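Shown below: upload.pdb, with PDB, C-alpha atoms, pLDDT in the B column.
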ATOM      1  CA  MET A   1     -33.623 -18.502  36.824  1.00 80.00           C
ATOM      2  CA  GLN A   2     -33.729 -14.907  38.050  1.00 85.00           C
ATOM      3  CA  ASP A   3     -33.394 -16.035  41.673  1.00 84.00           C
ATOM      4  CA  ARG A   4     -30.308 -18.040  40.778  1.00 86.00           C
ATOM      5  CA  LEU A   5     -28.757 -15.043  39.040  1.00 86.00           C
ATOM      6  CA  ARG A   6     -29.492 -12.712  41.943  1.00 86.00           C
ATOM      7  CA  THR A   7     -28.287 -15.058  44.657  1.00 86.00           C
ATOM      8  CA  LYS A   8     -25.326 -16.786  43.017  1.00 88.00           C
ATOM      9  CA  GLN A   9     -23.933 -15.536  39.718  1.00 91.00           C
ATOM     10  CA  CYS A  10     -24.516 -11.776  40.050  1.00 94.00           C
ATOM     11  CA  ALA A  11     -24.958 -11.594  43.821  1.00 93.00           C
ATOM     12  CA  LYS A  12     -22.234  -9.018  44.452  1.00 95.00           C
ATOM     13  CA  LEU A  13     -23.685  -6.545  41.940  1.00 95.00           C
ATOM     14  CA  TRP A  14     -27.240  -7.010  43.184  1.00 94.00           C
ATOM     15  CA  ASP A  15     -26.043  -6.556  46.780  1.00 94.00           C
ATOM     16  CA  GLU A  16     -24.342  -3.287  45.845  1.00 95.00           C
ATOM     17  CA  TRP A  17     -27.547  -2.061  44.216  1.00 95.00           C
ATOM     18  CA  SER A  18     -29.638  -3.186  47.193  1.00 94.00           C
ATOM     19  CA  ASN A  19     -27.351  -1.408  49.665  1.00 95.00           C
ATOM     20  CA  CYS A  20     -27.457   1.745  47.553  1.00 95.00           C
ATOM     21  CA  THR A  21     -31.265   1.749  47.417  1.00 95.00           C
ATOM     22  CA  GLN A  22     -31.507   1.211  51.167  1.00 94.00           C
ATOM     23  CA  LYS A  23     -29.126   4.085  51.754  1.00 94.00           C
ATOM     24  CA  TYR A  24     -30.786   6.680  49.490  1.00 92.00           C
ATOM     25  CA  TYR A  25     -34.482   5.627  49.540  1.00 88.00           C
ATOM     26  CA  TRP A  26     -36.378   8.024  47.234  1.00 88.00           C
ATOM     27  CA  ALA A  27     -33.294   9.396  45.495  1.00 91.00           C
ATOM     28  CA  ALA A  28     -32.105   5.866  44.731  1.00 90.00           C
ATOM     29  CA  MET A  29     -33.795   5.918  41.338  1.00 89.00           C
ATOM     30  CA  TYR A  30     -31.288   8.519  40.183  1.00 92.00           C
ATOM     31  CA  ILE A  31     -28.247   7.814  42.347  1.00 94.00           C
ATOM     32  CA  CYS A  32     -28.192   4.018  42.027  1.00 94.00           C
ATOM     33  CA  LYS A  33     -28.983   3.854  38.317  1.00 95.00           C
ATOM     34  CA  THR A  34     -25.448   2.792  37.336  1.00 95.00           C
ATOM     35  CA  ASP A  35     -25.405  -0.033  39.909  1.00 95.00           C
ATOM     36  CA  PHE A  36     -28.749  -1.267  38.602  1.00 95.00           C
ATOM     37  CA  HIS A  37     -27.554  -1.259  34.995  1.00 96.00           C
ATOM     38  CA  LYS A  38     -24.368  -3.132  35.940  1.00 96.00           C
ATOM     39  CA  ALA A  39     -26.457  -5.837  37.628  1.00 95.00           C
ATOM     40  CA  LEU A  40     -28.765  -6.069  34.610  1.00 95.00           C
ATOM     41  CA  GLU A  41     -25.784  -6.421  32.281  1.00 97.00           C
ATOM     42  CA  CYS A  42     -24.530  -9.294  34.419  1.00 96.00           C
ATOM     43  CA  ASN A  43     -27.950 -10.956  34.128  1.00 94.00           C
ATOM     44  CA  LYS A  44     -27.991 -10.461  30.357  1.00 95.00           C
ATOM     45  CA  ARG A  45     -24.524 -11.938  30.034  1.00 95.00           C
ATOM     46  CA  TYR A  46     -25.612 -15.128  31.791  1.00 94.00           C
ATOM     47  CA  LEU A  47     -28.977 -15.322  30.033  1.00 91.00           C
ATOM     48  CA  GLN A  48     -27.264 -15.184  26.651  1.00 94.00           C
ATOM     49  CA  ASP A  49     -24.804 -17.916  27.648  1.00 94.00           C
ATOM     50  CA  PRO A  50     -26.017 -21.188  26.058  1.00 95.00           C
ATOM     51  CA  GLN A  51     -24.371 -23.348  28.732  1.00 95.00           C
ATOM     52  CA  PHE A  52     -26.120 -21.513  31.596  1.00 93.00           C
ATOM     53  CA  PHE A  53     -29.414 -21.590  29.703  1.00 92.00           C
ATOM     54  CA  GLU A  54     -29.147 -25.359  29.221  1.00 95.00           C
ATOM     55  CA  GLU A  55     -28.321 -25.824  32.906  1.00 93.00           C
ATOM     56  CA  MET A  56     -31.428 -23.844  33.908  1.00 91.00           C
ATOM     57  CA  LYS A  57     -33.558 -25.671  31.341  1.00 93.00           C
ATOM     58  CA  ASN A  58     -32.459 -29.045  32.723  1.00 94.00           C
ATOM     59  CA  LEU A  59     -33.167 -27.887  36.280  1.00 91.00           C
ATOM     60  CA  TYR A  60     -36.637 -26.728  35.231  1.00 90.00           C
ATOM     61  CA  LEU A  61     -37.379 -29.995  33.436  1.00 93.00           C
ATOM     62  CA  LYS A  62     -36.252 -31.962  36.491  1.00 92.00           C
ATOM     63  CA  MET A  63     -38.521 -29.896  38.765  1.00 89.00           C
ATOM     64  CA  ARG A  64     -41.438 -30.242  36.327  1.00 91.00           C
ATOM     65  CA  SER A  65     -40.924 -33.994  36.073  1.00 92.00           C
ATOM     66  CA  ASN A  66     -40.904 -34.297  39.848  1.00 90.00           C
ATOM     67  CA  TYR A  67     -44.100 -32.237  40.084  1.00 89.00           C
ATOM     68  CA  ARG A  68     -45.876 -34.359  37.493  1.00 91.00           C
ATOM     69  CA  ARG A  69     -44.790 -37.543  39.249  1.00 90.00           C
ATOM     70  CA  THR A  70     -45.653 -36.509  42.814  1.00 89.00           C
ATOM     71  CA  GLY A  71     -48.084 -33.597  42.484  1.00 84.00           C
ATOM     72  CA  LEU A  72     -45.974 -31.640  44.971  1.00 82.00           C
ATOM     73  CA  GLU A  73     -44.367 -28.397  43.926  1.00 80.00           C
ATOM     74  CA  GLN A  74     -40.702 -27.979  44.824  1.00 74.00           C
ATOM     75  CA  ARG A  75     -40.303 -24.614  46.451  1.00 72.00           C
ATOM     76  CA  VAL A  76     -37.460 -22.329  45.534  1.00 66.00           C
ATOM     77  CA  VAL A  77     -35.844 -21.216  48.772  1.00 64.00           C
ATOM     78  CA  ARG A  78     -34.029 -17.918  48.724  1.00 60.00           C
ATOM     79  CA  THR A  79     -30.882 -17.737  50.773  1.00 58.00           C
ATOM     80  CA  ASP A  80     -30.761 -13.958  51.082  1.00 57.00           C
ATOM     81  CA  LYS A  81     -33.110 -11.618  52.917  1.00 55.00           C
ATOM     82  CA  THR A  82     -32.757  -8.505  50.738  1.00 52.00           C
ATOM     83  CA  PHE A  83     -35.215  -9.475  47.986  1.00 46.00           C
TER      84      PHE A  83
END

For the structure just supplied, provide its representation as structure tokens.
Amino acid sequence: MQDRLRTKQCAKLWDEWSNCTQKYYWAAMYICKTDFHKALECNKRYLQDPQFFEEMKNLYLKMRSNYRRTGLEQRVVRTDKTF
């Protein structure tokens, strides 16, 4: 669920935070705090959305069903290289 939020729904905000942390390294904890909180608020907004939660629950149940049937775990492939 978190991967989906970081790569699709809130990708722009997480990218801004990632770029900020890469730019300021050790000072990023203080300088990039607002970007981080904006990204977290985006995550919270989606996590509290019942429709998104149901979508993720159905995806999880589908993956679990497939695993129980085949014994093979479906890997979650990240599309970005920043995380």

Two-atom distance - CA of Leu13 (chain A), CA of Thr34 (chain A) (Å) = 10.6 Å

Would you list the contacts of Cys20 (chain A) as a PDB file with C-alpha atoms, in the coordinates of the input, taking every protein, DNA or RNA residue within 12 Å and counting all atoms listed in the file, but skipping same-chain residues closer than 3 positions in sequence?
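After the write, selection-v8.pdb holds the following:
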ATOM      1  CA  LEU A  13     -23.685  -6.545  41.940  1.00 95.00           C
ATOM      2  CA  TRP A  14     -27.240  -7.010  43.184  1.00 94.00           C
ATOM      3  CA  ASP A  15     -26.043  -6.556  46.780  1.00 94.00           C
ATOM      4  CA  GLU A  16     -24.342  -3.287  45.845  1.00 95.00           C
ATOM      5  CA  TRP A  17     -27.547  -2.061  44.216  1.00 95.00           C
ATOM      6  CA  LYS A  23     -29.126   4.085  51.754  1.00 94.00           C
ATOM      7  CA  TYR A  24     -30.786   6.680  49.490  1.00 92.00           C
ATOM      8  CA  TYR A  25     -34.482   5.627  49.540  1.00 88.00           C
ATOM      9  CA  TRP A  26     -36.378   8.024  47.234  1.00 88.00           C
ATOM     10  CA  ALA A  27     -33.294   9.396  45.495  1.00 91.00           C
ATOM     11  CA  ALA A  28     -32.105   5.866  44.731  1.00 90.00           C
ATOM     12  CA  MET A  29     -33.795   5.918  41.338  1.00 89.00           C
ATOM     13  CA  TYR A  30     -31.288   8.519  40.183  1.00 92.00           C
ATOM     14  CA  ILE A  31     -28.247   7.814  42.347  1.00 94.00           C
ATOM     15  CA  CYS A  32     -28.192   4.018  42.027  1.00 94.00           C
ATOM     16  CA  LYS A  33     -28.983   3.854  38.317  1.00 95.00           C
ATOM     17  CA  THR A  34     -25.448   2.792  37.336  1.00 95.00           C
ATOM     18  CA  ASP A  35     -25.405  -0.033  39.909  1.00 95.00           C
ATOM     19  CA  PHE A  36     -28.749  -1.267  38.602  1.00 95.00           C
ATOM     20  CA  THR A  82     -32.757  -8.505  50.738  1.00 52.00           C
TER      21      THR A  82
END

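Going from CA of Lys57 (chain A) to CA of Leu72 (chain A) covers 19.4 Å.
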
ask   = Rounded to one decimal in Å, what is the spacing between CA of Asp49 (chain A) and CA of Ala11 (chain A)?
value =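 About the pair CA of Asp49 (chain A) and CA of Ala11 (chain A): they are 17.4 Å apart.
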
message = Ranking A:Glu73, A:Met1, A:Arg68, A:Cys10 by minimum distance to Lys38 (chain A) and counting all atoms listed in the file, which one comes first?
response =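 The shortest atom-to-atom distance to Lys38 (chain A) comes from A:Cys10.
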
Per-axis box centre and lengths in Å around region 20-35 of chain A, 3 Å margin per side, axis-aligned, as lines of an AutoDock Vina configuration file:
center_x = -30.9
center_y = 4.7
center_z = 44.5
size_x = 17.0
size_y = 15.4
size_z = 20.4

task = Taking the file as shown, find all residues satisfying the PyMOL selection byres ((chain A and resi 74) around 12) and write them as a VMD selection string.
result = chain A and resid 59 to 60 62 to 73 75 to 77
